[in-house]
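Undergrad: Please find final-v2.cif (mmCIF, C-alpha atoms) on the next line:
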```cif
data_work
#
loop_
_atom_site.label_atom_id
_atom_site.label_comp_id
_atom_site.auth_asym_id
_atom_site.auth_seq_id
_atom_site.Cartn_x
_atom_site.Cartn_y
_atom_site.Cartn_z
CA MET A 1 -54.10 -42.14 31.48
CA LYS A 2 -54.95 -38.67 32.76
CA LEU A 3 -51.74 -38.63 34.83
CA ARG A 4 -49.72 -39.65 31.78
CA HIS A 5 -51.15 -36.79 29.71
CA THR A 6 -50.49 -34.35 32.55
CA LEU A 7 -46.84 -35.44 32.81
CA ILE A 8 -46.37 -35.14 29.05
CA ALA A 9 -47.88 -31.66 29.07
CA LEU A 10 -45.70 -30.64 32.01
CA ALA A 11 -42.56 -31.95 30.33
CA ALA A 12 -43.43 -30.08 27.16
CA ALA A 13 -44.01 -26.87 29.10
CA VAL A 14 -40.68 -27.23 30.90
CA GLY A 15 -38.93 -27.88 27.60
CA LEU A 16 -40.46 -24.80 26.01
CA SER A 17 -39.53 -22.70 29.02
CA ALA A 18 -35.92 -23.90 28.90
CA ALA A 19 -35.71 -23.19 25.18
CA ALA A 20 -37.25 -19.76 25.61
CA TRP A 21 -34.63 -18.87 28.19
CA ALA A 22 -31.62 -20.54 26.56
CA ASP A 23 -28.35 -18.72 27.19
CA ILE A 24 -26.53 -16.98 24.37
CA ASN A 25 -22.94 -18.21 24.19
CA VAL A 26 -20.36 -15.73 22.89
CA GLY A 27 -16.97 -17.19 22.03
CA VAL A 28 -13.99 -14.85 22.32
CA THR A 29 -10.44 -15.54 21.13
CA LEU A 30 -7.88 -12.79 21.75
CA SER A 31 -4.11 -12.32 21.68
CA THR A 32 -3.53 -11.78 25.39
CA THR A 33 0.01 -13.14 25.20
CA GLY A 34 2.67 -12.96 22.48
CA PRO A 35 3.65 -9.94 20.34
CA ALA A 36 0.08 -8.57 20.21
CA ALA A 37 -0.57 -8.81 23.95
CA SER A 38 -0.66 -5.02 24.41
CA LEU A 39 -3.68 -5.04 22.09
CA GLY A 40 -5.35 -8.20 23.37
CA ILE A 41 -5.21 -7.49 27.10
CA PRO A 42 -7.39 -4.34 27.00
CA GLU A 43 -9.78 -6.22 24.70
CA LYS A 44 -10.05 -9.01 27.28
CA ASN A 45 -10.56 -6.43 30.03
CA THR A 46 -13.36 -4.87 28.00
CA VAL A 47 -15.21 -8.18 27.71
CA THR A 48 -15.78 -8.00 31.47
CA LEU A 49 -17.67 -4.72 30.89
CA MET A 50 -20.00 -6.12 28.25
CA PRO A 51 -23.70 -6.70 29.01
CA LYS A 52 -24.57 -9.86 30.94
CA THR A 53 -28.07 -9.98 29.43
CA ILE A 54 -29.48 -8.84 26.09
CA GLY A 55 -33.14 -9.02 25.17
CA GLY A 56 -33.88 -10.82 28.42
CA GLU A 57 -31.40 -13.62 27.64
CA LYS A 58 -28.30 -14.39 29.69
CA ILE A 59 -24.99 -13.89 27.85
CA ASN A 60 -22.08 -16.25 28.55
CA TYR A 61 -18.62 -15.12 27.38
CA ILE A 62 -16.09 -17.91 26.84
CA VAL A 63 -12.68 -16.22 26.51
CA LEU A 64 -9.57 -17.99 25.14
CA ASP A 65 -6.01 -16.80 24.47
CA ASP A 66 -4.54 -17.49 21.03
CA ALA A 67 -1.05 -16.20 21.98
CA SER A 68 -0.86 -14.05 18.81
CA ASP A 69 -0.60 -17.28 16.79
CA THR A 70 -2.71 -18.06 13.72
CA THR A 71 -2.84 -21.81 14.33
CA ALA A 72 -3.99 -21.26 17.91
CA ALA A 73 -6.64 -18.81 16.75
CA VAL A 74 -8.13 -21.38 14.37
CA THR A 75 -7.96 -24.08 17.05
CA ASN A 76 -9.77 -21.79 19.48
CA ALA A 77 -12.44 -20.94 16.93
CA ARG A 78 -13.13 -24.61 16.17
CA LYS A 79 -13.20 -25.45 19.89
CA LEU A 80 -15.64 -22.65 20.64
CA ILE A 81 -17.90 -23.84 17.83
CA SER A 82 -17.78 -27.60 18.47
CA GLU A 83 -17.44 -27.79 22.26
CA ASN A 84 -19.00 -24.57 23.53
CA LYS A 85 -21.70 -24.35 20.85
CA VAL A 86 -21.28 -20.58 20.57
CA ASP A 87 -23.77 -18.41 18.71
CA VAL A 88 -21.16 -15.84 17.69
CA ILE A 89 -17.38 -15.38 17.88
CA ILE A 90 -15.58 -12.14 18.76
CA GLY A 91 -11.94 -11.93 17.65
CA SER A 92 -9.21 -12.27 16.98
CA THR A 93 -6.97 -9.35 17.83
CA THR A 94 -4.72 -9.36 14.74
CA THR A 95 -5.31 -9.46 11.01
CA PRO A 96 -3.44 -12.74 10.31
CA ASN A 97 -5.37 -14.54 13.06
CA SER A 98 -8.72 -13.17 11.92
CA LEU A 99 -8.07 -14.10 8.30
CA ALA A 100 -7.12 -17.62 9.35
CA MET A 101 -10.42 -18.03 11.25
CA ILE A 102 -12.71 -17.20 8.33
CA ASP A 103 -12.90 -20.74 6.93
CA ALA A 104 -13.84 -22.17 10.32
CA VAL A 105 -16.70 -19.78 11.03
CA ALA A 106 -18.03 -19.87 7.48
CA GLU A 107 -18.03 -23.65 7.42
CA ALA A 108 -19.97 -23.77 10.71
CA ARG A 109 -22.18 -20.80 9.70
CA VAL A 110 -21.38 -18.91 12.91
CA PRO A 111 -21.13 -15.11 12.67
CA MET A 112 -17.82 -13.55 13.69
CA ILE A 113 -16.95 -9.99 14.70
CA SER A 114 -13.22 -9.39 14.21
CA LEU A 115 -11.27 -6.83 16.23
CA ALA A 116 -8.55 -6.54 13.57
CA ALA A 117 -8.12 -3.78 11.01
CA SER A 118 -7.45 -5.10 7.51
CA ALA A 119 -10.22 -4.70 4.95
CA ARG A 120 -9.26 -8.16 3.67
CA ILE A 121 -11.18 -9.60 6.61
CA VAL A 122 -14.48 -8.44 5.09
CA GLU A 123 -13.54 -7.78 1.46
CA PRO A 124 -14.18 -8.86 -1.21
CA MET A 125 -17.60 -9.99 -0.03
CA ASP A 126 -18.20 -13.66 -0.82
CA ASP A 127 -19.97 -16.73 0.61
CA LYS A 128 -17.39 -17.00 3.41
CA ARG A 129 -17.04 -13.35 4.34
CA ARG A 130 -20.80 -12.87 4.55
CA TRP A 131 -20.41 -14.46 8.03
CA VAL A 132 -17.68 -12.01 9.07
CA PHE A 133 -17.90 -8.46 10.43
CA LYS A 134 -15.31 -6.18 12.03
CA THR A 135 -15.20 -3.10 14.26
CA PRO A 136 -11.85 -1.38 13.48
CA GLN A 137 -11.63 1.17 10.70
CA ASN A 138 -10.65 -0.11 7.25
CA ASP A 139 -7.07 0.57 6.21
CA ILE A 140 -8.10 2.77 3.26
CA LEU A 141 -10.06 5.10 5.55
CA MET A 142 -6.96 5.67 7.67
CA ALA A 143 -4.53 5.61 4.73
CA MET A 144 -6.42 8.47 3.07
CA ALA A 145 -6.17 10.50 6.29
CA ILE A 146 -2.38 10.00 6.32
CA ALA A 147 -1.91 10.73 2.62
CA THR A 148 -4.05 13.86 2.84
CA HIS A 149 -2.10 15.11 5.85
CA MET A 150 1.20 14.43 4.09
CA ALA A 151 0.16 16.25 0.92
CA ASP A 152 -1.18 19.22 2.89
CA ASN A 153 2.11 19.51 4.79
CA GLY A 154 4.56 19.50 1.91
CA VAL A 155 5.48 15.81 1.77
CA ARG A 156 6.24 14.49 -1.71
CA ASN A 157 8.49 11.44 -1.25
CA VAL A 158 7.50 8.72 1.23
CA ALA A 159 9.19 5.55 2.49
CA PHE A 160 7.17 2.63 3.81
CA ILE A 161 8.11 -0.07 6.32
CA GLY A 162 5.55 -2.55 7.64
CA PHE A 163 5.02 -5.98 9.13
CA ALA A 164 5.91 -8.91 6.88
CA ASP A 165 2.39 -10.30 7.14
CA ALA A 166 -1.17 -9.56 6.05
CA TYR A 167 -1.32 -6.38 8.15
CA GLY A 168 1.74 -4.84 6.53
CA GLU A 169 0.86 -5.97 3.03
CA GLY A 170 -2.72 -4.78 3.34
CA TRP A 171 -1.54 -1.40 4.55
CA TYR A 172 0.95 -1.06 1.72
CA GLN A 173 -1.69 -1.78 -0.90
CA GLU A 174 -4.15 0.72 0.57
CA PHE A 175 -1.55 3.41 1.19
CA ALA A 176 -0.24 3.01 -2.36
CA LYS A 177 -3.76 3.80 -3.61
CA ALA A 178 -4.06 6.83 -1.34
CA ALA A 179 -0.55 8.02 -2.23
CA GLY A 180 -1.39 7.84 -5.92
CA LEU A 181 -4.48 9.98 -5.43
CA LYS A 182 -2.45 12.58 -3.52
CA LYS A 183 0.49 12.54 -5.94
CA LEU A 184 2.95 11.12 -3.38
CA ASN A 185 5.99 9.09 -4.51
CA ILE A 186 6.80 5.91 -2.58
CA VAL A 187 10.60 5.73 -2.71
CA ALA A 188 11.17 2.67 -0.47
CA ASN A 189 9.11 -0.36 0.58
CA GLU A 190 10.50 -2.50 3.41
CA ARG A 191 9.21 -5.28 5.69
CA TYR A 192 10.07 -6.80 9.09
CA ASN A 193 8.67 -9.49 11.37
CA ARG A 194 6.74 -8.73 14.55
CA THR A 195 9.32 -10.63 16.58
CA ASP A 196 12.43 -9.06 14.99
CA THR A 197 14.93 -7.35 17.28
CA SER A 198 16.73 -5.37 14.57
CA VAL A 199 15.67 -3.51 11.42
CA THR A 200 18.97 -1.76 10.76
CA GLY A 201 19.27 -3.04 7.19
CA GLN A 202 15.80 -1.88 6.24
CA VAL A 203 16.25 1.51 7.87
CA LEU A 204 19.58 2.12 6.12
CA LYS A 205 17.82 1.59 2.78
CA ILE A 206 15.08 3.99 3.80
CA VAL A 207 17.47 6.71 4.95
CA SER A 208 19.45 6.41 1.73
CA ALA A 209 16.25 7.06 -0.26
CA ARG A 210 15.99 10.47 1.48
CA PRO A 211 12.22 10.53 1.96
CA ASP A 212 10.34 13.55 3.30
CA ALA A 213 8.35 11.19 5.53
CA VAL A 214 8.25 7.56 6.62
CA LEU A 215 5.09 5.54 7.25
CA ILE A 216 5.48 2.64 9.68
CA ALA A 217 2.71 0.06 9.30
CA GLY A 218 2.91 -1.97 12.48
CA SER A 219 0.78 -2.48 15.57
CA GLY A 220 1.40 -2.56 19.29
CA THR A 221 4.87 -2.28 20.79
CA PRO A 222 6.69 -3.99 17.84
CA ALA A 223 5.88 -0.86 15.79
CA ALA A 224 8.34 1.11 17.93
CA LEU A 225 11.41 -0.71 16.58
CA PRO A 226 11.64 0.99 13.15
CA GLN A 227 10.98 4.39 14.69
CA LYS A 228 13.69 4.05 17.32
CA THR A 229 16.10 2.80 14.65
CA LEU A 230 15.28 5.73 12.36
CA LYS A 231 16.10 8.13 15.18
CA GLU A 232 19.34 6.28 15.96
CA ARG A 233 20.36 6.70 12.32
CA GLY A 234 19.70 10.44 12.42
CA TYR A 235 16.54 10.57 10.35
CA SER A 236 14.91 13.98 10.88
CA GLY A 237 11.92 13.85 8.54
CA LYS A 238 8.28 13.33 9.48
CA ILE A 239 7.26 9.93 10.85
CA TYR A 240 3.73 8.56 10.62
CA GLN A 241 2.31 5.47 12.28
CA THR A 242 -1.02 3.69 11.79
CA HIS A 243 -3.86 3.41 14.29
CA GLY A 244 -2.33 0.07 15.26
CA VAL A 245 -0.08 1.84 17.79
CA ALA A 246 -2.76 3.78 19.65
CA ASN A 247 -2.10 2.48 23.16
CA ASN A 248 -0.01 3.63 26.10
CA ASP A 249 2.34 0.62 25.94
CA PHE A 250 3.55 1.92 22.58
CA LEU A 251 4.24 5.33 24.13
CA ARG A 252 6.14 3.67 26.97
CA VAL A 253 8.33 1.53 24.72
CA CYS A 254 8.98 4.20 22.09
CA GLY A 255 9.61 6.98 24.60
CA LYS A 256 11.20 10.22 23.41
CA ASP A 257 11.82 8.74 19.95
CA CYS A 258 8.12 9.12 19.20
CA GLU A 259 7.83 12.85 19.88
CA GLY A 260 6.00 14.55 17.01
CA THR A 261 4.77 11.31 15.45
CA LEU A 262 1.50 11.63 13.52
CA LEU A 263 -1.19 9.00 13.10
CA PRO A 264 -4.87 8.58 12.36
CA ALA A 265 -6.92 7.09 15.19
CA GLY A 266 -10.44 6.45 16.32
CA PRO A 267 -11.99 9.52 18.02
CA MET A 268 -11.99 7.62 21.33
CA LEU A 269 -8.23 8.14 21.73
CA VAL A 270 -8.73 11.87 22.28
CA ALA A 271 -12.39 11.85 23.30
CA ASP A 272 -12.15 14.68 25.82
CA GLN A 273 -10.29 16.89 23.34
CA LEU A 274 -12.92 16.62 20.61
CA PRO A 275 -15.21 19.57 19.89
CA ASN A 276 -18.59 19.21 21.60
CA ASP A 277 -20.38 18.81 18.28
CA HIS A 278 -18.28 15.83 17.19
CA PRO A 279 -20.77 12.99 16.46
CA VAL A 280 -18.73 10.37 18.32
CA LYS A 281 -17.66 12.37 21.39
CA LYS A 282 -20.49 11.25 23.69
CA SER A 283 -20.32 7.54 22.82
CA ALA A 284 -16.50 7.56 22.98
CA GLN A 285 -16.55 9.18 26.42
CA ALA A 286 -19.03 6.55 27.62
CA TYR A 287 -16.51 3.79 26.92
CA VAL A 288 -13.58 5.72 28.39
CA LYS A 289 -15.52 6.24 31.62
CA ALA A 290 -16.63 2.60 31.85
CA TYR A 291 -13.09 1.31 31.31
CA GLU A 292 -11.30 3.76 33.58
CA ASP A 293 -13.86 3.28 36.34
CA ALA A 294 -12.94 -0.40 36.26
CA TYR A 295 -9.19 -0.29 35.53
CA GLY A 296 -7.94 3.14 36.56
CA LYS A 297 -7.35 6.59 35.14
CA GLY A 298 -5.31 6.58 31.93
CA SER A 299 -5.63 2.82 31.41
CA VAL A 300 -7.96 2.95 28.39
CA THR A 301 -6.76 2.09 24.85
CA THR A 302 -8.34 2.21 21.42
CA PHE A 303 -8.06 -1.57 21.08
CA GLY A 304 -10.38 -2.17 23.99
CA GLY A 305 -12.73 0.22 22.21
CA HIS A 306 -12.98 -2.18 19.28
CA ALA A 307 -14.16 -4.90 21.66
CA TRP A 308 -16.65 -2.48 23.24
CA ASP A 309 -18.06 -1.73 19.80
CA ALA A 310 -18.48 -5.45 19.13
CA GLY A 311 -20.59 -5.59 22.28
CA LEU A 312 -22.69 -2.65 21.08
CA LEU A 313 -23.28 -4.38 17.75
CA LEU A 314 -24.52 -7.45 19.62
CA GLN A 315 -26.83 -5.30 21.76
CA ALA A 316 -28.38 -3.96 18.56
CA ALA A 317 -28.55 -7.26 16.67
CA VAL A 318 -29.48 -9.88 19.28
CA PRO A 319 -33.02 -8.57 19.99
CA GLU A 320 -33.78 -8.73 16.27
CA ALA A 321 -32.44 -12.27 15.99
CA LEU A 322 -34.49 -13.36 19.02
CA LYS A 323 -37.65 -12.45 17.12
CA LYS A 324 -36.89 -15.21 14.63
CA ALA A 325 -35.21 -18.04 16.54
CA LYS A 326 -33.97 -19.34 19.89
CA PRO A 327 -30.29 -19.20 20.94
CA GLY A 328 -28.23 -22.31 20.40
CA THR A 329 -29.78 -23.11 17.03
CA PRO A 330 -28.57 -22.74 13.43
CA GLU A 331 -31.63 -20.58 12.82
CA PHE A 332 -30.59 -18.15 15.55
CA ARG A 333 -27.03 -17.90 14.25
CA ALA A 334 -28.35 -17.16 10.74
CA ALA A 335 -30.79 -14.59 12.12
CA LEU A 336 -28.00 -12.96 14.12
CA ARG A 337 -25.86 -12.73 10.99
CA ASP A 338 -28.74 -11.08 9.15
CA ALA A 339 -29.36 -8.67 12.03
CA LEU A 340 -25.69 -7.65 12.21
CA GLU A 341 -25.76 -6.94 8.49
CA ASN A 342 -28.68 -4.55 8.98
CA VAL A 343 -27.39 -2.60 12.00
CA LYS A 344 -27.95 1.13 11.52
CA ASN A 345 -26.75 4.24 13.37
CA VAL A 346 -25.08 2.45 16.28
CA ALA A 347 -22.87 5.01 18.02
CA GLY A 348 -19.70 3.33 19.25
CA ALA A 349 -16.38 4.26 20.80
CA HIS A 350 -14.83 4.69 17.36
CA GLY A 351 -17.61 5.76 15.04
CA ILE A 352 -21.18 5.36 13.83
CA PHE A 353 -21.88 1.87 12.46
CA ASN A 354 -24.11 1.37 9.42
CA MET A 355 -23.70 -2.17 8.07
CA SER A 356 -25.01 -3.43 4.74
CA PRO A 357 -24.75 -6.59 2.59
CA THR A 358 -21.69 -5.07 0.88
CA ASP A 359 -20.14 -3.32 3.91
CA HIS A 360 -19.43 -5.41 7.01
CA ALA A 361 -17.29 -2.68 8.64
CA GLY A 362 -19.88 0.06 8.47
CA LEU A 363 -17.74 3.08 9.40
CA ASP A 364 -17.22 6.38 7.57
CA GLN A 365 -15.02 9.46 8.00
CA ARG A 366 -16.58 10.17 11.40
CA ALA A 367 -14.47 7.24 12.66
CA ARG A 368 -11.09 8.93 12.27
CA VAL A 369 -9.15 11.91 13.54
CA MET A 370 -5.50 12.89 13.19
CA VAL A 371 -3.41 12.69 16.36
CA ARG A 372 0.11 13.86 17.27
CA ILE A 373 2.33 12.50 20.04
CA ASP A 374 3.28 15.51 22.15
CA ASN A 375 5.25 15.22 25.40
CA GLY A 376 4.44 11.54 25.60
CA ALA A 377 0.69 12.05 25.23
CA TRP A 378 -1.93 11.87 22.49
CA LYS A 379 -2.99 15.27 21.15
CA TYR A 380 -5.89 15.97 18.80
CA ALA A 381 -4.43 17.46 15.60
CA PRO A 382 -7.30 18.68 13.39
#
```
Just dump the structure as structure tokens.

TA:
Amino acid sequence: MKLRHTLIALAAAVGLSAAAWADINVGVTLSTTGPAASLGIPEKNTVTLMPKTIGGEKINYIVLDDASDTTAAVTNARKLISENKVDVIIGSTTTPNSLAMIDAVAEARVPMISLAASARIVEPMDDKRRWVFKTPQNDILMAMAIATHMADNGVRNVAFIGFADAYGEGWYQEFAKAAGLKKLNIVANERYNRTDTSVTGQVLKIVSARPDAVLIAGSGTPAALPQKTLKERGYSGKIYQTHGVANNDFLRVCGKDCEGTLLPAGPMLVADQLPNDHPVKKSAQAYVKAYEDAYGKGSVTTFGGHAWDAGLLLQAAVPEALKKAKPGTPEFRAALRDALENVKNVAGAHGIFNMSPTDHAGLDQRARVMVRIDNGAWKYAP
């Protein structure tokens, strides 16, 4: 009888020990192939730089490719939840993919940190979006930077061309608001698909409207197509892009046609050029150094920075969640959601994060700077 009680006590102790040291599983779905690959690859590279332990618990990253496809993104999310039993999901890379994943994570009550830009991912706040957070700047934050720069530099009439998906539509809606506030007239509104090889028809309509400036709302290398076509058609006005193009692959594909282009971007893109008193300079430089030490000088992109910031959010939130529950349980996932929602003053590669029940992006004006493409390089343009 004594032996039986001893064995039971030993088994219980072993069980408690295993539970206390349960791994935290982080599911990651990214667009490492397909049209958004130039965004997804640096994000995947950044995952390798994320902490292997947080709060004394081992972190396992399960990384899948969704090939820039919404159906694949949802399939990956459901697989990570049902088969890998993840405690949190990071991803996806693009707005359409991230929007498509919301139902899956909300249904399973698993928190998700998106690496895509559209405010639609976290707004309007509802029972589903309360499980979703994101690290990129909201469109309206960047749209106001563009509209303000346009108005301050004599632009009055603007043409818009963007992706024919949630990214382009979200950007149009937010830019239209910003343009209205700055008394700008939108004289053309065109769309194209990420996989299109020609936008001649759309560009001819834009040129005929004779705008002072054109805003291209695309991301990655597909955003170069309208710009190159505008130059081919002799357009000589100002051209603006969104922060969706802030990587070196875009510079390579667009080449000389992008000289003088203006865009808002996270401070990380020009970290070394920022004044020493900029609140994000130190944290931005920390990511740049970590990435370039691993992948080479000049290899860093802003998109990898969004993944880095997701890792920083987890470093802040996981210890709080561990105070309430053990990894691998519904209670831990709920506690992690709550902890993410209460993150304060986390200095990331792109800004200072202050989340709240009504703001699951958590960034303010410190998360943007204006940048100009000059001699094939990014230049800080205060």

Undergrad: Determine the axis-aligned bounding box of all atoms of segment 154-166 of chain A present in the file, pad each side by 5 Å, and express its centre and edge lengths in Å to one decimal place as JSON.

TA:
```
{"center_x": 4.0, "center_y": 4.6, "center_z": 3.7, "size_x": 20.4, "size_y": 39.8, "size_z": 20.8}
```

Undergrad: Check which residues satisfy the PyMOL selection byres ((chain A and resi 257) around 9) in the file shown, then give them as a PyMOL selection string.

TA: chain A and resi 224+227-228+230-232+254-256+258-261

Undergrad: Would you translate the PyMOL selection byres ((chain A and resi 337) around 12) into the concrete set of residues it matches in this file, as a CSV table (one decimal) with C-alpha atoms, keeping the file's coordinate frame?

TA:
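Wrote it out as out_10.csv, contents follow:
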```
chain,number,residue,atom,x,y,z
A,87,ASP,CA,-23.8,-18.4,18.7
A,88,VAL,CA,-21.2,-15.8,17.7
A,89,ILE,CA,-17.4,-15.4,17.9
A,105,VAL,CA,-16.7,-19.8,11.0
A,106,ALA,CA,-18.0,-19.9,7.5
A,109,ARG,CA,-22.2,-20.8,9.7
A,110,VAL,CA,-21.4,-18.9,12.9
A,111,PRO,CA,-21.1,-15.1,12.7
A,112,MET,CA,-17.8,-13.6,13.7
A,113,ILE,CA,-17.0,-10.0,14.7
A,129,ARG,CA,-17.0,-13.4,4.3
A,130,ARG,CA,-20.8,-12.9,4.6
A,131,TRP,CA,-20.4,-14.5,8.0
A,132,VAL,CA,-17.7,-12.0,9.1
A,133,PHE,CA,-17.9,-8.5,10.4
A,313,LEU,CA,-23.3,-4.4,17.8
A,314,LEU,CA,-24.5,-7.4,19.6
A,316,ALA,CA,-28.4,-4.0,18.6
A,317,ALA,CA,-28.6,-7.3,16.7
A,318,VAL,CA,-29.5,-9.9,19.3
A,320,GLU,CA,-33.8,-8.7,16.3
A,321,ALA,CA,-32.4,-12.3,16.0
A,322,LEU,CA,-34.5,-13.4,19.0
A,324,LYS,CA,-36.9,-15.2,14.6
A,330,PRO,CA,-28.6,-22.7,13.4
A,331,GLU,CA,-31.6,-20.6,12.8
A,332,PHE,CA,-30.6,-18.2,15.6
A,333,ARG,CA,-27.0,-17.9,14.2
A,334,ALA,CA,-28.4,-17.2,10.7
A,335,ALA,CA,-30.8,-14.6,12.1
A,336,LEU,CA,-28.0,-13.0,14.1
A,338,ASP,CA,-28.7,-11.1,9.2
A,339,ALA,CA,-29.4,-8.7,12.0
A,340,LEU,CA,-25.7,-7.6,12.2
A,341,GLU,CA,-25.8,-6.9,8.5
A,342,ASN,CA,-28.7,-4.6,9.0
A,343,VAL,CA,-27.4,-2.6,12.0
A,355,MET,CA,-23.7,-2.2,8.1
A,356,SER,CA,-25.0,-3.4,4.7
A,357,PRO,CA,-24.8,-6.6,2.6
A,360,HIS,CA,-19.4,-5.4,7.0
```

Undergrad: Which polymer residues have any atom within 12 Å of an atom of Asn153 of chain A, counting all atoms listed in the file, with same-chain residues fewer than 5 positions away left out, as a PyMOL selection string?

TA: chain A and resi 146-148+182+184+212-213+237-238+262

Undergrad: Write out as a list of chain:residue names the residues lying within 8 Å of Leu225 of chain A, counting only C-alpha atoms and excluding same-chain residues fewer than 4 positions away.

TA: A:Thr197, A:Ser198, A:Val199, A:Thr221, A:Thr229, A:Cys254

Undergrad: Using only C-alpha atoms, which of the listed residues (A:Ile102, A:Val280, A:Ile239, A:Ala223) sits closest to Ala159 of chain A?

TA: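 The answer is A:Ile239, which sits nearest to Ala159 of chain A.
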
Undergrad: What's around Gln285 of chain A at 8 Å? Count only C-alpha atoms, leave out sequence neighbours fewer than 2 positions away in its own chain, and write the answer as a list of chain:residue names.

TA: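 My reading of the contact set: A:Met268, A:Ala271, A:Asp272, A:Lys281, A:Lys282, A:Ser283, A:Tyr287, A:Val288, A:Lys289, A:Ala349.
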
Undergrad: Rounded to one decimal place, report the atom CA of Lys79 of chain A-atom CA of Glu107 of chain A distance in Å.

TA: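 Distance reported for this atom pair: 13.5 Å.
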
Undergrad: Could you please determine the separation between atom CA of Ala104 of chain A and atom CA of Ile352 of chain A in Å, to one decimal place?

TA: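 According to the coordinates, atom CA of Ala104 of chain A and atom CA of Ile352 of chain A are separated by 28.7 Å.
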
Undergrad: So, with only C-alpha atoms as the atoms that count, which of A:Val28, A:Ala145, A:Val203, A:Ala151 lies closest to Thr93 of chain A?

TA: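 Using only C-alpha atoms, the shortest distance to Thr93 of chain A belongs to A:Val28.
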
Undergrad: Counting only C-alpha atoms, which of A:Thr358, A:Ala347, A:Ala37, A:Phe353 gets nearest to Asp127 of chain A?

TA: A:Thr358

Undergrad: Please evaluate the PyMOL selection byres ((chain A and resi 65) around 6) against the structure above and give the resulting residues as a PyMOL selection string.

TA: chain A and resi 29-32+64+66-67

Undergrad: Select, from A:Thr242, A:Gln365, A:Ser299, A:Asn345, the residue with the minimum atom-to-atom distance to Pro267 of chain A, counting only C-alpha atoms.

TA: A:Gln365

Undergrad: So, counting only C-alpha atoms, which residue among A:Arg233, A:Arg156, A:Arg78, A:Lys177 is closest to Ile140 of chain A?

TA: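 Among A:Arg233, A:Arg156, A:Arg78, A:Lys177, it is A:Lys177 that comes nearest to Ile140 of chain A.
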
Undergrad: How many Å separate atom CA of Ser98 of chain A from atom CA of His243 of chain A?

TA: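 Taking atom CA of Ser98 of chain A and atom CA of His243 of chain A, their separation equals 17.4 Å.
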
Undergrad: List as a ChimeraX atom specification the residues having at least one atom at most 6 Å from position (-8.7, -9.1, 13.6) as given in the file, counting all atoms listed in the file.

TA: /A:91-95,98,114-117

Undergrad: Would you list the contacts of Val270 of chain A as a ChimeraX atom specification, taking every protein, DNA or RNA residue within 12 Å and counting all atoms listed in the file, but skipping same-chain residues closer than 4 positions in sequence?

TA: /A:246-247,264-266,274-275,278,280-282,284-285,288,298,300-302,349-350,368-373,377-382

Undergrad: Name the closest residue to Leu141 of chain A among the candidates A:Asn60, A:Tyr240, A:Met125, A:Ser118; distances are taken between atoms, counting only C-alpha atoms.

TA: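 Ranked by minimum distance to Leu141 of chain A, first place goes to A:Ser118.
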
Undergrad: Is there a way to get, as a list of chain:residue names, all residues within 7 Å of the point (-15.5, -13.7, 25.3) in file coordinates, counting only C-alpha atoms?

TA: A:Val26, A:Gly27, A:Val28, A:Thr29, A:Val47, A:Tyr61, A:Ile62, A:Val63, A:Ile90

Undergrad: Starting from the incomplete input, reconstruct N, CA and C atoms of segment 312-322 of chain A and write that as a PDB file, in the frame of the given file.

TA:
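Done, and the output landed in result.pdb:
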```
ATOM      1  N   LEU A 312     -21.579  -3.511  21.467  1.00  0.00           N
ATOM      2  CA  LEU A 312     -22.690  -2.650  21.080  1.00  0.00           C
ATOM      3  C   LEU A 312     -23.412  -3.207  19.850  1.00  0.00           C
ATOM      4  N   LEU A 313     -22.655  -3.766  18.925  1.00  0.00           N
ATOM      5  CA  LEU A 313     -23.280  -4.380  17.750  1.00  0.00           C
ATOM      6  C   LEU A 313     -24.181  -5.545  18.172  1.00  0.00           C
ATOM      7  N   LEU A 314     -23.708  -6.341  19.122  1.00  0.00           N
ATOM      8  CA  LEU A 314     -24.520  -7.450  19.620  1.00  0.00           C
ATOM      9  C   LEU A 314     -25.784  -6.935  20.319  1.00  0.00           C
ATOM     10  N   GLN A 315     -25.651  -5.855  21.088  1.00  0.00           N
ATOM     11  CA  GLN A 315     -26.830  -5.300  21.760  1.00  0.00           C
ATOM     12  C   GLN A 315     -27.887  -4.848  20.759  1.00  0.00           C
ATOM     13  N   ALA A 316     -27.439  -4.391  19.590  1.00  0.00           N
ATOM     14  CA  ALA A 316     -28.380  -3.960  18.560  1.00  0.00           C
ATOM     15  C   ALA A 316     -28.960  -5.136  17.783  1.00  0.00           C
ATOM     16  N   ALA A 317     -28.141  -6.170  17.550  1.00  0.00           N
ATOM     17  CA  ALA A 317     -28.550  -7.260  16.670  1.00  0.00           C
ATOM     18  C   ALA A 317     -29.289  -8.394  17.362  1.00  0.00           C
ATOM     19  N   VAL A 318     -28.894  -8.719  18.591  1.00  0.00           N
ATOM     20  CA  VAL A 318     -29.480  -9.880  19.280  1.00  0.00           C
ATOM     21  C   VAL A 318     -30.998  -9.776  19.436  1.00  0.00           C
ATOM     22  N   PRO A 319     -31.558  -8.631  19.866  1.00  0.00           N
ATOM     23  CA  PRO A 319     -33.020  -8.570  19.990  1.00  0.00           C
ATOM     24  C   PRO A 319     -33.743  -8.854  18.687  1.00  0.00           C
ATOM     25  N   GLU A 320     -33.163  -8.440  17.570  1.00  0.00           N
ATOM     26  CA  GLU A 320     -33.780  -8.730  16.270  1.00  0.00           C
ATOM     27  C   GLU A 320     -33.721 -10.214  15.960  1.00  0.00           C
ATOM     28  N   ALA A 321     -32.582 -10.833  16.258  1.00  0.00           N
ATOM     29  CA  ALA A 321     -32.440 -12.270  15.990  1.00  0.00           C
ATOM     30  C   ALA A 321     -33.378 -13.087  16.866  1.00  0.00           C
ATOM     31  N   LEU A 322     -33.605 -12.638  18.092  1.00  0.00           N
ATOM     32  CA  LEU A 322     -34.490 -13.360  19.020  1.00  0.00           C
ATOM     33  C   LEU A 322     -35.941 -13.389  18.534  1.00  0.00           C
TER      34      LEU A 322
END
```
